[in-house]
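start-v4.txt (compact mmCIF, C-alpha atoms and all ligand atoms)
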# COMPACT_ATOMS: atom_id res chain seq x y z
CA MET E 5 0.00 0.00 0.00
CA ASP E 6 1.46 3.35 -1.10
CA LYS E 7 0.62 6.05 1.48
CA ASN E 8 0.79 8.78 -1.20
CA ILE E 9 -1.97 7.21 -3.26
CA SER E 10 -5.52 8.39 -2.72
CA ALA E 11 -8.78 7.88 -4.61
CA HIS E 12 -10.03 10.98 -6.44
CA ILE E 13 -13.44 11.52 -7.98
CA VAL E 14 -12.39 12.80 -11.41
CA SER E 15 -15.81 13.14 -13.05
CA ALA E 16 -19.52 12.60 -12.56
CA GLY E 17 -22.39 11.83 -14.92
CA SER E 18 -26.08 11.17 -14.61
CA TYR E 19 -29.05 10.03 -16.60
CA VAL E 20 -32.77 10.23 -15.86
CA PRO E 21 -35.63 9.00 -18.07
CA GLU E 22 -37.36 11.73 -20.07
CA GLN E 23 -40.86 11.12 -18.74
CA ILE E 24 -41.90 13.33 -15.81
CA LEU E 25 -44.67 12.57 -13.32
CA THR E 26 -45.81 15.70 -11.48
CA ASN E 27 -47.62 15.93 -8.15
CA LYS E 28 -50.61 17.30 -10.05
CA GLU E 29 -50.69 14.13 -12.16
CA LEU E 30 -50.58 12.01 -8.97
CA GLU E 31 -53.67 13.91 -7.76
CA MET E 32 -55.56 12.39 -10.69
CA PHE E 33 -55.40 8.80 -9.37
CA LEU E 34 -54.40 9.11 -5.70
CA ASP E 35 -55.97 10.68 -2.60
CA THR E 36 -53.21 13.27 -2.29
CA SER E 37 -52.42 16.86 -3.28
CA ASP E 38 -49.56 18.86 -4.71
CA GLU E 39 -49.77 21.02 -1.58
CA TRP E 40 -49.37 18.01 0.79
CA ILE E 41 -46.48 16.47 -1.14
CA THR E 42 -44.63 19.77 -1.59
CA SER E 43 -44.99 20.90 2.03
CA ARG E 44 -44.24 17.46 3.58
CA THR E 45 -41.41 16.38 1.27
CA GLY E 46 -40.18 19.21 -1.00
CA ILE E 47 -40.88 17.01 -4.04
CA LYS E 48 -42.70 18.58 -7.04
CA GLN E 49 -42.02 15.99 -9.74
CA ARG E 50 -40.02 12.84 -10.48
CA HIS E 51 -38.64 11.23 -13.65
CA ILE E 52 -40.00 7.75 -14.34
CA VAL E 53 -39.32 5.00 -16.86
CA PRO E 54 -42.25 4.66 -19.27
CA ARG E 55 -44.84 2.30 -17.84
CA GLY E 56 -45.17 -0.89 -19.84
CA HIS E 57 -41.56 -0.63 -21.06
CA ASN E 58 -39.18 -2.86 -19.19
CA THR E 59 -36.36 -0.30 -18.93
CA PRO E 60 -33.72 -1.92 -16.70
CA ALA E 61 -31.43 -0.25 -14.17
CA SER E 62 -28.42 -1.25 -16.30
CA GLU E 63 -29.71 0.93 -19.16
CA LEU E 64 -29.90 4.04 -16.96
CA GLY E 65 -26.60 3.13 -15.26
CA SER E 66 -24.66 2.62 -18.48
CA LYS E 67 -25.91 5.97 -19.86
CA ALA E 68 -24.78 7.75 -16.67
CA ALA E 69 -21.44 5.91 -16.83
CA GLN E 70 -20.91 6.99 -20.44
CA VAL E 71 -21.35 10.65 -19.42
CA ALA E 72 -18.88 10.22 -16.54
CA LEU E 73 -16.33 8.49 -18.83
CA GLU E 74 -16.68 11.23 -21.45
CA LYS E 75 -16.15 13.97 -18.87
CA ALA E 76 -13.07 12.14 -17.56
CA GLY E 77 -11.78 11.86 -21.15
CA MET E 78 -11.51 8.12 -20.64
CA ASP E 79 -12.43 4.99 -22.51
CA CYS E 80 -13.98 1.97 -20.75
CA SER E 81 -10.84 -0.04 -21.59
CA GLN E 82 -9.05 2.09 -18.97
CA ILE E 83 -11.49 1.05 -16.22
CA ASP E 84 -10.39 -1.78 -13.90
CA GLY E 85 -13.73 -2.36 -12.19
CA ILE E 86 -17.38 -1.35 -11.92
CA ILE E 87 -19.40 -1.28 -8.72
CA CYS E 88 -23.11 -0.65 -9.08
CA ALA E 89 -25.29 0.14 -6.07
CA THR E 90 -28.90 -0.81 -6.67
CA PHE E 91 -31.90 -2.33 -4.94
CA THR E 92 -33.73 -2.62 -8.27
CA PRO E 93 -31.36 -4.88 -10.24
CA ASP E 94 -32.15 -6.18 -13.72
CA TYR E 95 -31.76 -9.76 -12.42
CA PHE E 96 -30.71 -11.50 -9.21
CA PHE E 97 -27.82 -12.47 -11.48
CA PRO E 98 -26.03 -11.50 -13.65
CA SER E 99 -25.36 -8.41 -11.59
CA THR E 100 -26.44 -5.01 -12.91
CA ALA E 101 -22.74 -4.04 -12.88
CA CYS E 102 -21.96 -6.97 -15.25
CA ARG E 103 -24.82 -5.85 -17.50
CA ILE E 104 -23.41 -2.31 -17.50
CA GLN E 105 -19.97 -3.73 -18.33
CA ALA E 106 -21.51 -5.49 -21.34
CA ALA E 107 -23.49 -2.38 -22.40
CA LEU E 108 -20.29 -0.32 -22.33
CA GLY E 109 -18.53 -2.95 -24.47
CA MET E 110 -15.94 -3.43 -21.75
CA LYS E 111 -14.09 -6.77 -21.90
CA ASN E 112 -11.59 -6.20 -19.10
CA GLY E 113 -11.84 -5.76 -15.33
CA PHE E 114 -14.42 -6.89 -12.79
CA ALA E 115 -17.99 -5.85 -11.97
CA PHE E 116 -20.27 -6.44 -9.00
CA ASP E 117 -23.33 -4.97 -7.26
CA ILE E 118 -23.78 -3.63 -3.76
CA SER E 119 -27.08 -3.81 -1.91
CA ALA E 120 -27.37 -1.04 0.67
CA ALA E 121 -30.56 0.70 -0.55
CA CYS E 122 -30.32 4.52 -0.36
CA ALA E 123 -26.84 4.33 1.22
CA GLY E 124 -25.63 2.16 -1.69
CA PHE E 125 -23.64 4.83 -3.51
CA VAL E 126 -21.57 5.75 -0.45
CA TYR E 127 -21.04 2.03 0.32
CA ALA E 128 -19.84 1.53 -3.27
CA LEU E 129 -17.59 4.60 -3.12
CA ASN E 130 -16.13 3.38 0.17
CA THR E 131 -15.40 -0.02 -1.42
CA ALA E 132 -13.81 1.56 -4.51
CA ASN E 133 -11.69 3.76 -2.24
CA SER E 134 -10.40 0.69 -0.36
CA MET E 135 -9.62 -1.14 -3.61
CA ILE E 136 -7.76 1.86 -5.00
CA ILE E 137 -5.65 2.62 -1.95
CA SER E 138 -4.81 -1.07 -1.54
CA GLY E 139 -3.54 -1.12 -5.14
CA GLN E 140 -6.16 -3.55 -6.52
CA ALA E 141 -7.49 -1.03 -9.05
CA LYS E 142 -6.43 2.29 -10.58
CA ASN E 143 -9.61 3.51 -12.25
CA MET E 144 -13.13 2.53 -11.27
CA LEU E 145 -16.69 3.37 -12.18
CA VAL E 146 -18.98 3.75 -9.17
CA ILE E 147 -22.63 3.85 -10.13
CA GLY E 148 -25.99 4.17 -8.37
CA SER E 149 -28.88 3.16 -10.61
CA GLU E 150 -32.53 2.58 -9.75
CA VAL E 151 -35.85 1.83 -11.40
CA ILE E 152 -37.80 2.30 -8.17
CA THR E 153 -41.18 2.91 -9.78
CA LYS E 154 -41.34 -0.84 -10.53
CA THR E 155 -41.37 -1.59 -6.80
CA LEU E 156 -44.16 0.81 -5.83
CA ASP E 157 -47.75 0.16 -4.90
CA TRP E 158 -49.43 3.03 -6.80
CA THR E 159 -52.40 2.88 -4.41
CA ASP E 160 -50.19 3.48 -1.34
CA ARG E 161 -49.92 7.26 -0.97
CA ASN E 162 -47.44 6.85 1.93
CA THR E 163 -44.72 5.58 -0.39
CA CYS E 164 -45.44 6.02 -4.10
CA ILE E 165 -45.31 9.83 -4.04
CA LEU E 166 -41.72 9.84 -2.78
CA PHE E 167 -39.65 8.08 -5.43
CA GLY E 168 -38.27 8.54 -8.93
CA ASP E 169 -36.03 6.64 -11.36
CA GLY E 170 -32.49 7.58 -12.42
CA ALA E 171 -28.79 6.88 -12.30
CA GLY E 172 -25.58 8.65 -11.39
CA ALA E 173 -21.98 7.60 -11.88
CA VAL E 174 -18.49 8.76 -10.99
CA VAL E 175 -15.03 7.82 -12.22
CA VAL E 176 -12.68 7.29 -9.29
CA SER E 177 -8.94 7.22 -10.00
CA ALA E 178 -5.75 6.59 -8.07
CA LYS E 179 -3.61 9.75 -7.79
CA GLU E 180 -0.31 10.41 -6.11
CA ASP E 181 -1.74 13.29 -4.07
CA SER E 182 -3.06 12.30 -0.67
CA SER E 183 -3.84 15.91 0.28
CA ARG E 184 -6.96 15.55 -1.88
CA GLY E 185 -9.42 12.82 -2.87
CA ILE E 186 -11.50 10.72 -0.49
CA ILE E 187 -10.09 11.87 2.83
CA SER E 188 -12.30 9.85 5.16
CA SER E 189 -15.16 7.45 4.72
CA TYR E 190 -17.55 5.72 7.10
CA ILE E 191 -20.14 3.00 6.64
CA ALA E 192 -22.29 1.30 9.26
CA SER E 193 -25.55 -0.60 9.55
CA ASP E 194 -28.18 -1.48 12.14
CA GLY E 195 -29.95 -4.62 11.01
CA SER E 196 -32.29 -4.49 14.01
CA LEU E 197 -34.11 -1.62 12.26
CA GLY E 198 -34.63 -3.59 9.04
CA ASP E 199 -38.41 -3.70 9.33
CA ILE E 200 -38.98 0.05 9.13
CA LEU E 201 -38.10 0.15 5.42
CA LYS E 202 -38.12 -2.97 3.27
CA LEU E 203 -38.84 -4.54 -0.10
CA PRO E 204 -39.57 -8.29 0.13
CA ALA E 205 -37.84 -10.44 -2.51
CA TRP E 206 -40.39 -13.26 -2.26
CA GLY E 207 -43.99 -13.77 -1.17
CA GLU E 208 -47.24 -12.06 -1.93
CA SER E 209 -46.48 -8.42 -1.27
CA ARG E 210 -43.61 -7.50 -3.57
CA PHE E 211 -43.92 -3.77 -2.87
CA MET E 212 -41.88 -1.41 -0.77
CA HIS E 213 -43.08 -0.98 2.84
CA MET E 214 -42.09 1.93 5.01
CA ASN E 215 -42.76 3.43 8.41
CA GLY E 216 -42.07 7.00 7.31
CA ASN E 217 -42.04 8.58 10.77
CA ASP E 218 -39.47 6.08 12.10
CA VAL E 219 -37.27 6.42 9.03
CA PHE E 220 -37.45 10.21 9.34
CA LYS E 221 -36.29 10.24 12.98
CA HIS E 222 -33.42 7.80 12.46
CA ALA E 223 -32.34 9.54 9.24
CA VAL E 224 -31.73 12.90 10.93
CA ARG E 225 -29.84 11.38 13.88
CA LEU E 226 -27.73 8.92 11.87
CA MET E 227 -26.79 11.31 9.04
CA SER E 228 -25.71 13.87 11.61
CA GLU E 229 -23.62 11.30 13.54
CA SER E 230 -21.94 9.90 10.44
CA THR E 231 -21.14 13.42 9.18
CA GLN E 232 -19.46 14.18 12.52
CA LYS E 233 -17.58 10.86 12.30
CA VAL E 234 -15.94 11.58 8.92
CA LEU E 235 -15.03 15.08 10.10
CA GLU E 236 -13.40 13.70 13.26
CA ASP E 237 -11.48 11.08 11.27
CA ALA E 238 -10.17 13.84 8.98
CA HIS E 239 -9.42 16.18 11.94
CA MET E 240 -11.63 18.80 10.37
CA ASP E 241 -14.52 21.02 11.51
CA LEU E 242 -17.83 21.67 9.83
CA GLU E 243 -16.77 25.32 9.34
CA GLN E 244 -14.18 24.07 6.83
CA ILE E 245 -16.78 22.25 4.73
CA ASP E 246 -17.95 23.98 1.54
CA LEU E 247 -20.85 21.70 0.68
CA ILE E 248 -22.90 18.83 2.07
CA ILE E 249 -24.55 16.57 -0.49
CA PRO E 250 -27.09 14.50 1.44
CA HIS E 251 -29.32 11.72 0.21
CA GLN E 252 -32.39 13.40 -1.32
CA ALA E 253 -35.26 11.79 0.60
CA ASN E 254 -37.18 14.72 2.08
CA ILE E 255 -36.43 18.46 2.37
CA ARG E 256 -37.60 18.36 6.01
CA ILE E 257 -35.01 15.66 6.86
CA ILE E 258 -32.33 17.89 5.32
CA GLN E 259 -33.58 21.02 7.13
CA ALA E 260 -33.59 19.10 10.43
CA LEU E 261 -30.05 17.85 9.68
CA ALA E 262 -28.89 21.42 8.93
CA SER E 263 -30.38 22.66 12.17
CA LEU E 264 -28.88 19.80 14.25
CA LEU E 265 -25.43 20.37 12.71
CA LYS E 266 -25.88 24.18 12.77
CA PHE E 267 -24.84 24.18 9.10
CA PRO E 268 -26.32 26.72 6.62
CA MET E 269 -28.94 25.37 4.17
CA GLU E 270 -27.27 27.44 1.39
CA LYS E 271 -24.30 25.06 1.55
CA ILE E 272 -26.46 21.95 1.25
CA VAL E 273 -27.31 20.59 -2.19
CA THR E 274 -30.99 19.76 -2.72
CA ASN E 275 -32.71 18.68 -5.91
CA MET E 276 -35.51 16.39 -4.73
CA ASP E 277 -38.02 18.98 -6.02
CA ARG E 278 -37.18 17.76 -9.55
CA TYR E 279 -36.22 14.10 -9.06
CA GLY E 280 -37.87 12.85 -5.86
CA ASN E 281 -35.95 10.17 -3.98
CA THR E 282 -33.86 8.14 -6.45
CA SER E 283 -32.22 6.07 -3.68
CA SER E 284 -28.61 5.12 -4.57
CA ALA E 285 -28.69 7.50 -7.57
CA SER E 286 -29.62 10.58 -5.55
CA ILE E 287 -26.15 11.57 -4.32
CA PRO E 288 -24.29 11.14 -7.65
CA ILE E 289 -27.06 12.99 -9.55
CA ALA E 290 -26.84 15.88 -7.05
CA LEU E 291 -23.04 15.75 -7.17
CA GLU E 292 -22.98 16.09 -10.95
CA GLU E 293 -25.44 19.00 -10.84
CA ALA E 294 -23.42 20.81 -8.16
CA TRP E 295 -20.25 20.29 -10.21
CA ASN E 296 -21.90 21.54 -13.42
CA GLU E 297 -23.18 24.62 -11.58
CA GLY E 298 -19.67 25.47 -10.34
CA ARG E 299 -20.54 24.75 -6.70
CA ILE E 300 -17.69 22.19 -6.68
CA LYS E 301 -14.27 23.45 -7.72
CA GLU E 302 -10.71 22.30 -7.27
CA GLY E 303 -10.07 22.26 -3.52
CA SER E 304 -13.76 22.15 -2.52
CA LYS E 305 -14.37 20.17 0.68
CA VAL E 306 -17.55 18.16 0.35
CA VAL E 307 -19.36 15.74 2.67
CA LEU E 308 -21.71 13.08 1.29
CA SER E 309 -24.17 11.63 3.79
CA CYS E 310 -26.99 9.11 3.61
CA ILE E 311 -29.07 6.44 5.24
CA GLY E 312 -31.09 3.69 3.64
CA GLY E 313 -33.06 0.52 4.25
CA GLY E 314 -31.11 -1.96 6.31
CA ILE E 315 -30.70 0.38 8.10
CA THR E 316 -27.52 1.38 6.29
CA ILE E 317 -25.55 4.54 6.99
CA GLY E 318 -22.69 6.18 5.10
CA SER E 319 -20.68 9.37 4.84
CA SER E 320 -17.58 10.43 2.91
CA LEU E 321 -15.43 13.52 3.12
CA ILE E 322 -13.86 14.46 -0.20
CA ILE E 323 -11.47 17.23 -1.19
CA PHE E 324 -11.81 17.85 -4.93
O1 LIG E 401 -34.54 7.05 1.51
C1 LIG E 401 -35.15 6.68 2.70
C2 LIG E 401 -36.57 6.39 2.37
N1 LIG E 401 -37.62 7.06 3.00
C3 LIG E 401 -37.60 8.23 3.68
O2 LIG E 401 -36.63 8.87 3.88
C4 LIG E 401 -38.92 8.69 4.18
C5 LIG E 401 -38.83 9.39 5.50
N2 LIG E 401 -40.12 9.86 5.93
C6 LIG E 401 -40.76 10.87 5.35
O3 LIG E 401 -40.25 11.47 4.41
C7 LIG E 401 -42.10 11.30 5.93
O4 LIG E 401 -42.34 10.57 7.12
C8 LIG E 401 -43.28 11.08 4.94
C9 LIG E 401 -43.18 12.09 3.81
C10 LIG E 401 -43.26 9.66 4.38
C11 LIG E 401 -44.60 11.31 5.64
O5 LIG E 401 -44.65 12.62 6.20
P1 LIG E 401 -45.15 12.85 7.70
O6 LIG E 401 -45.13 14.30 7.93
O7 LIG E 401 -44.30 11.97 8.57
O8 LIG E 401 -46.66 12.38 7.62
P2 LIG E 401 -47.38 11.21 8.42
O9 LIG E 401 -46.91 9.88 7.94
O10 LIG E 401 -47.28 11.50 9.88
O11 LIG E 401 -48.86 11.41 7.94
C12 LIG E 401 -49.62 12.57 8.27
C13 LIG E 401 -50.98 12.47 7.60
C14 LIG E 401 -51.67 11.13 7.81
O12 LIG E 401 -53.06 11.36 7.93
P3 LIG E 401 -53.76 11.37 9.37
O13 LIG E 401 -53.50 10.01 9.94
O14 LIG E 401 -53.09 12.48 10.12
O15 LIG E 401 -55.18 11.64 9.02
C15 LIG E 401 -51.41 10.38 6.53
O16 LIG E 401 -52.39 9.43 6.24
O17 LIG E 401 -50.82 12.60 6.18
C16 LIG E 401 -51.47 11.50 5.51
N3 LIG E 401 -50.74 11.20 4.28
C17 LIG E 401 -51.01 11.81 3.13
N4 LIG E 401 -51.89 12.76 2.78
C18 LIG E 401 -51.89 13.18 1.50
C19 LIG E 401 -49.73 10.32 4.10
N5 LIG E 401 -49.33 10.35 2.82
C20 LIG E 401 -50.11 11.26 2.19
C21 LIG E 401 -50.16 11.73 0.87
N6 LIG E 401 -51.07 12.69 0.57
N7 LIG E 401 -49.34 11.28 -0.10

Structure rendered as structure tokens:
Amino acid sequence: MDKNISAHIVSAGSYVPEQILTNKELEMFLDTSDEWITSRTGIKQRHIVPRGHNTPASELGSKAAQVALEKAGMDCSQIDGIICATFTPDYFFPSTACRIQAALGMKNGFAFDISAACAGFVYALNTANSMIISGQAKNMLVIGSEVITKTLDWTDRNTCILFGDGAGAVVVSAKEDSSRGIISSYIASDGSLGDILKLPAWGESRFMHMNGNDVFKHAVRLMSESTQKVLEDAHMDLEQIDLIIPHQANIRIIQALASLLKFPMEKIVTNMDRYGNTSSASIPIALEEAWNEGRIKEGSKVVLSCIGGGITIGSSLIIF
């Protein structure tokens, strides 16, 4: 292991399906309102794969990966491995990452999936970081891709209004500059809380189930604790952080997080108004947008933070 080597996010890309489902359209078949959804969640619309078309997560993921590769000025032959975070895989096997590898026309390297629900992207990034600093890979694609609308009960207003489909990807590369890159990274889980948010693989009810109030409470506490943890590990304070990119589940969760951390909302990236909750894709989509808008520059200190079904928890501190 070379102590000078660190893993740098060199580019980000995203892809969302064209079709948009607005809150107003939900009002047409569900006992809900634009006013309720907007005030309780911050969500105004979400992108969805066309109903009746079997668009797989690998299709969205490979399109996001192509954008990230293009921005990095790289070809897939330079990539040593793909990790895809998803809870909506194309198949139990082959993995969605293998399907993305095939879609990219990539013959080399390895590919595997990670299942950590909405914390999947940070879990995958953490894994790629470990593989890069241990010398097992030099360039990796880390992808979060979800077709969540397939898993929703469209008569359950507690869940179906929250989610959207999409994918985000980053290229992570080994660089001989340990003053930047992924500075600290933390993942954890609490399996005893598994029942508050779940999607059964077998049985009659193959829809997502959620106790929203419980998830809300744990989300604020755990995202705050894991943010503090990566700061401590990096010997840094929140005052030094330029941007937090949290998982985009609910604007009220993010406002409560900001108030608990005493961190200004202006330095927190939010885009759930346009995409809803895209689970493992939410952080890389928001990251790409922030980068495109110039909110991330060379030297920017950024914290990613999320929780997901499991319960899974993850944060990363990155200097760009
Ligand atoms: O990525 C992690 C995944 N999930 C999350 O992060 C979700 C976390 N939780 C949340 O975002 C919020 O708990 C929700 C948005 C899911 C719910 O918001 P809430 O403020 O916690 O509402 P509630 O569940 O306490 O429900 C309040 C009322 C209830 O009616 P009653 O019992 O007071 O008459 C619900 O039946 O709102 C009703 N309600 C709705 N009304 C209109 C629930 N869903 C809807 C809806 N439209 N879509």

Using only C-alpha atoms for the distances, tell me which of E:Val71, E:Met227, E:Ile136, E:Ile186 is nearest to Ile289 in chain E.
E:Val71

Would you list the residues that come within 8 Å of ligand LIG 401 (chain E)? Count only C-alpha atoms and all ligand atoms and give the answer as number ranges by chain.
E: 34-37, 40-41, 44-45, 121-122, 160-166, 201, 214-221, 223, 251-254, 256-257, 281, 283, 311-313

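Of the residues under consideration (E:Val175, E:Ile322, E:Met276, E:Ile315), E:Val175 shows the shortest atom-to-atom contact distance to Leu73 in chain E when counting only C-alpha atoms.
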
Please, what distance in Å, to one decimal, runs between CA of Ser230 in chain E and CA of Ala11 in chain E?
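Distance reported for this atom pair: 20.1 Å.
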
With all atoms listed in the file as the basis for distance, which of E:Glu236, E:Asp169, E:Glu63, E:Glu302 is at the shortest distance from Leu321 in chain E?
E:Glu236

Counting only C-alpha atoms, what is within 7 Å of Phe167 in chain E, bar same-chain residues fewer than 3 positions away, as a PyMOL selection string?
chain E and resi 50+152-153+164+280-282

Could you put an axis-aligned box around every listed atom of range 82-98 of chain E, padded by 8 Å on each side, and send me its centre and edge lengths in Å to one decimal, as JSON?
{"center_x": -21.4, "center_y": -5.2, "center_z": -12.0, "size_x": 40.7, "size_y": 30.6, "size_z": 30.0}

List the residues sitting within 9 Å of (-9.9, 7.1, -7.7) in the file's frame, using all atoms listed in the file, as a list of chain:residue names.
E:Ser10, E:Ala11, E:His12, E:Ile13, E:Val14, E:Ala132, E:Asn133, E:Ile136, E:Ile137, E:Ala141, E:Lys142, E:Asn143, E:Met144, E:Leu145, E:Val175, E:Val176, E:Ser177, E:Ala178, E:Lys179, E:Gly185, E:Ile186

Name the closest residue to Pro98 in chain E among the candidates E:Asp84, E:Asp79, E:Asp117, E:Glu208; distances are taken between atoms, counting all atoms listed in the file.
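Among the listed residues, E:Asp117 lies closest to Pro98 in chain E.
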
Which is closest to Lys202 in chain E among E:Leu156, E:Cys310, E:Ala115, E:Ile24, if we use all atoms listed in the file?
E:Leu156

Contacts of Gly17 in chain E at 8 Å (all atoms listed in the file; same-chain gap of 6+ positions) as a list in words:
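Counting all atoms listed in the file, the residues come to Ala68, Ala69, Gln70, Val71, Ala72, Leu73, Lys75, Gly172, Ala173, Val174, Pro288, Ile289 and Glu292 of chain E.
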
List the neighbours of Ile52 in chain E out to 8 Å using all atoms listed in the file; skip same-chain residues closer than 3 positions along the sequence, and give me the result as a ChimeraX atom specification.
/E:20-25,151,153,168-170

Please rebuild range 246-262 of chain E with N, CA and C atoms and return the result as a JSON list (two decimals), in the coordinates of the input.
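Dumped everything to result.json:
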[["chain", "number", "residue", "atom", "x", "y", "z"],
["E", 246, "ASP", "N", -17.31, 23.09, 2.51],
["E", 246, "ASP", "CA", -17.95, 23.98, 1.54],
["E", 246, "ASP", "C", -19.36, 23.54, 1.18],
["E", 247, "LEU", "N", -19.57, 22.22, 1.19],
["E", 247, "LEU", "CA", -20.85, 21.70, 0.68],
["E", 247, "LEU", "C", -21.16, 20.36, 1.33],
["E", 248, "ILE", "N", -22.43, 20.17, 1.70],
["E", 248, "ILE", "CA", -22.90, 18.83, 2.07],
["E", 248, "ILE", "C", -23.84, 18.37, 0.97],
["E", 249, "ILE", "N", -23.62, 17.16, 0.49],
["E", 249, "ILE", "CA", -24.55, 16.57, -0.49],
["E", 249, "ILE", "C", -25.21, 15.38, 0.20],
["E", 250, "PRO", "N", -26.42, 15.59, 0.75],
["E", 250, "PRO", "CA", -27.09, 14.50, 1.44],
["E", 250, "PRO", "C", -27.97, 13.69, 0.49],
["E", 251, "HIS", "N", -28.32, 12.50, 0.93],
["E", 251, "HIS", "CA", -29.32, 11.72, 0.21],
["E", 251, "HIS", "C", -30.61, 12.54, 0.13],
["E", 252, "GLN", "N", -31.23, 12.54, -1.06],
["E", 252, "GLN", "CA", -32.39, 13.40, -1.32],
["E", 252, "GLN", "C", -33.70, 12.67, -1.02],
["E", 253, "ALA", "N", -34.03, 12.51, 0.27],
["E", 253, "ALA", "CA", -35.26, 11.79, 0.60],
["E", 253, "ALA", "C", -36.41, 12.76, 0.88],
["E", 254, "ASN", "N", -36.11, 13.83, 1.63],
["E", 254, "ASN", "CA", -37.18, 14.72, 2.08],
["E", 254, "ASN", "C", -36.52, 16.03, 2.51],
["E", 255, "ILE", "N", -37.03, 17.16, 2.03],
["E", 255, "ILE", "CA", -36.43, 18.46, 2.37],
["E", 255, "ILE", "C", -36.46, 18.69, 3.88],
["E", 256, "ARG", "N", -37.50, 18.13, 4.56],
["E", 256, "ARG", "CA", -37.60, 18.36, 6.01],
["E", 256, "ARG", "C", -36.52, 17.58, 6.75],
["E", 257, "ILE", "N", -36.13, 16.40, 6.24],
["E", 257, "ILE", "CA", -35.01, 15.66, 6.86],
["E", 257, "ILE", "C", -33.74, 16.51, 6.74],
["E", 258, "ILE", "N", -33.55, 17.11, 5.56],
["E", 258, "ILE", "CA", -32.33, 17.89, 5.32],
["E", 258, "ILE", "C", -32.34, 19.17, 6.15],
["E", 259, "GLN", "N", -33.50, 19.81, 6.28],
["E", 259, "GLN", "CA", -33.58, 21.02, 7.13],
["E", 259, "GLN", "C", -33.30, 20.68, 8.59],
["E", 260, "ALA", "N", -33.83, 19.51, 9.04],
["E", 260, "ALA", "CA", -33.59, 19.10, 10.43],
["E", 260, "ALA", "C", -32.10, 18.77, 10.63],
["E", 261, "LEU", "N", -31.48, 18.16, 9.62],
["E", 261, "LEU", "CA", -30.05, 17.85, 9.68],
["E", 261, "LEU", "C", -29.24, 19.15, 9.78],
["E", 262, "ALA", "N", -29.60, 20.13, 8.93],
["E", 262, "ALA", "CA", -28.89, 21.42, 8.93],
["E", 262, "ALA", "C", -29.01, 22.08, 10.30]]
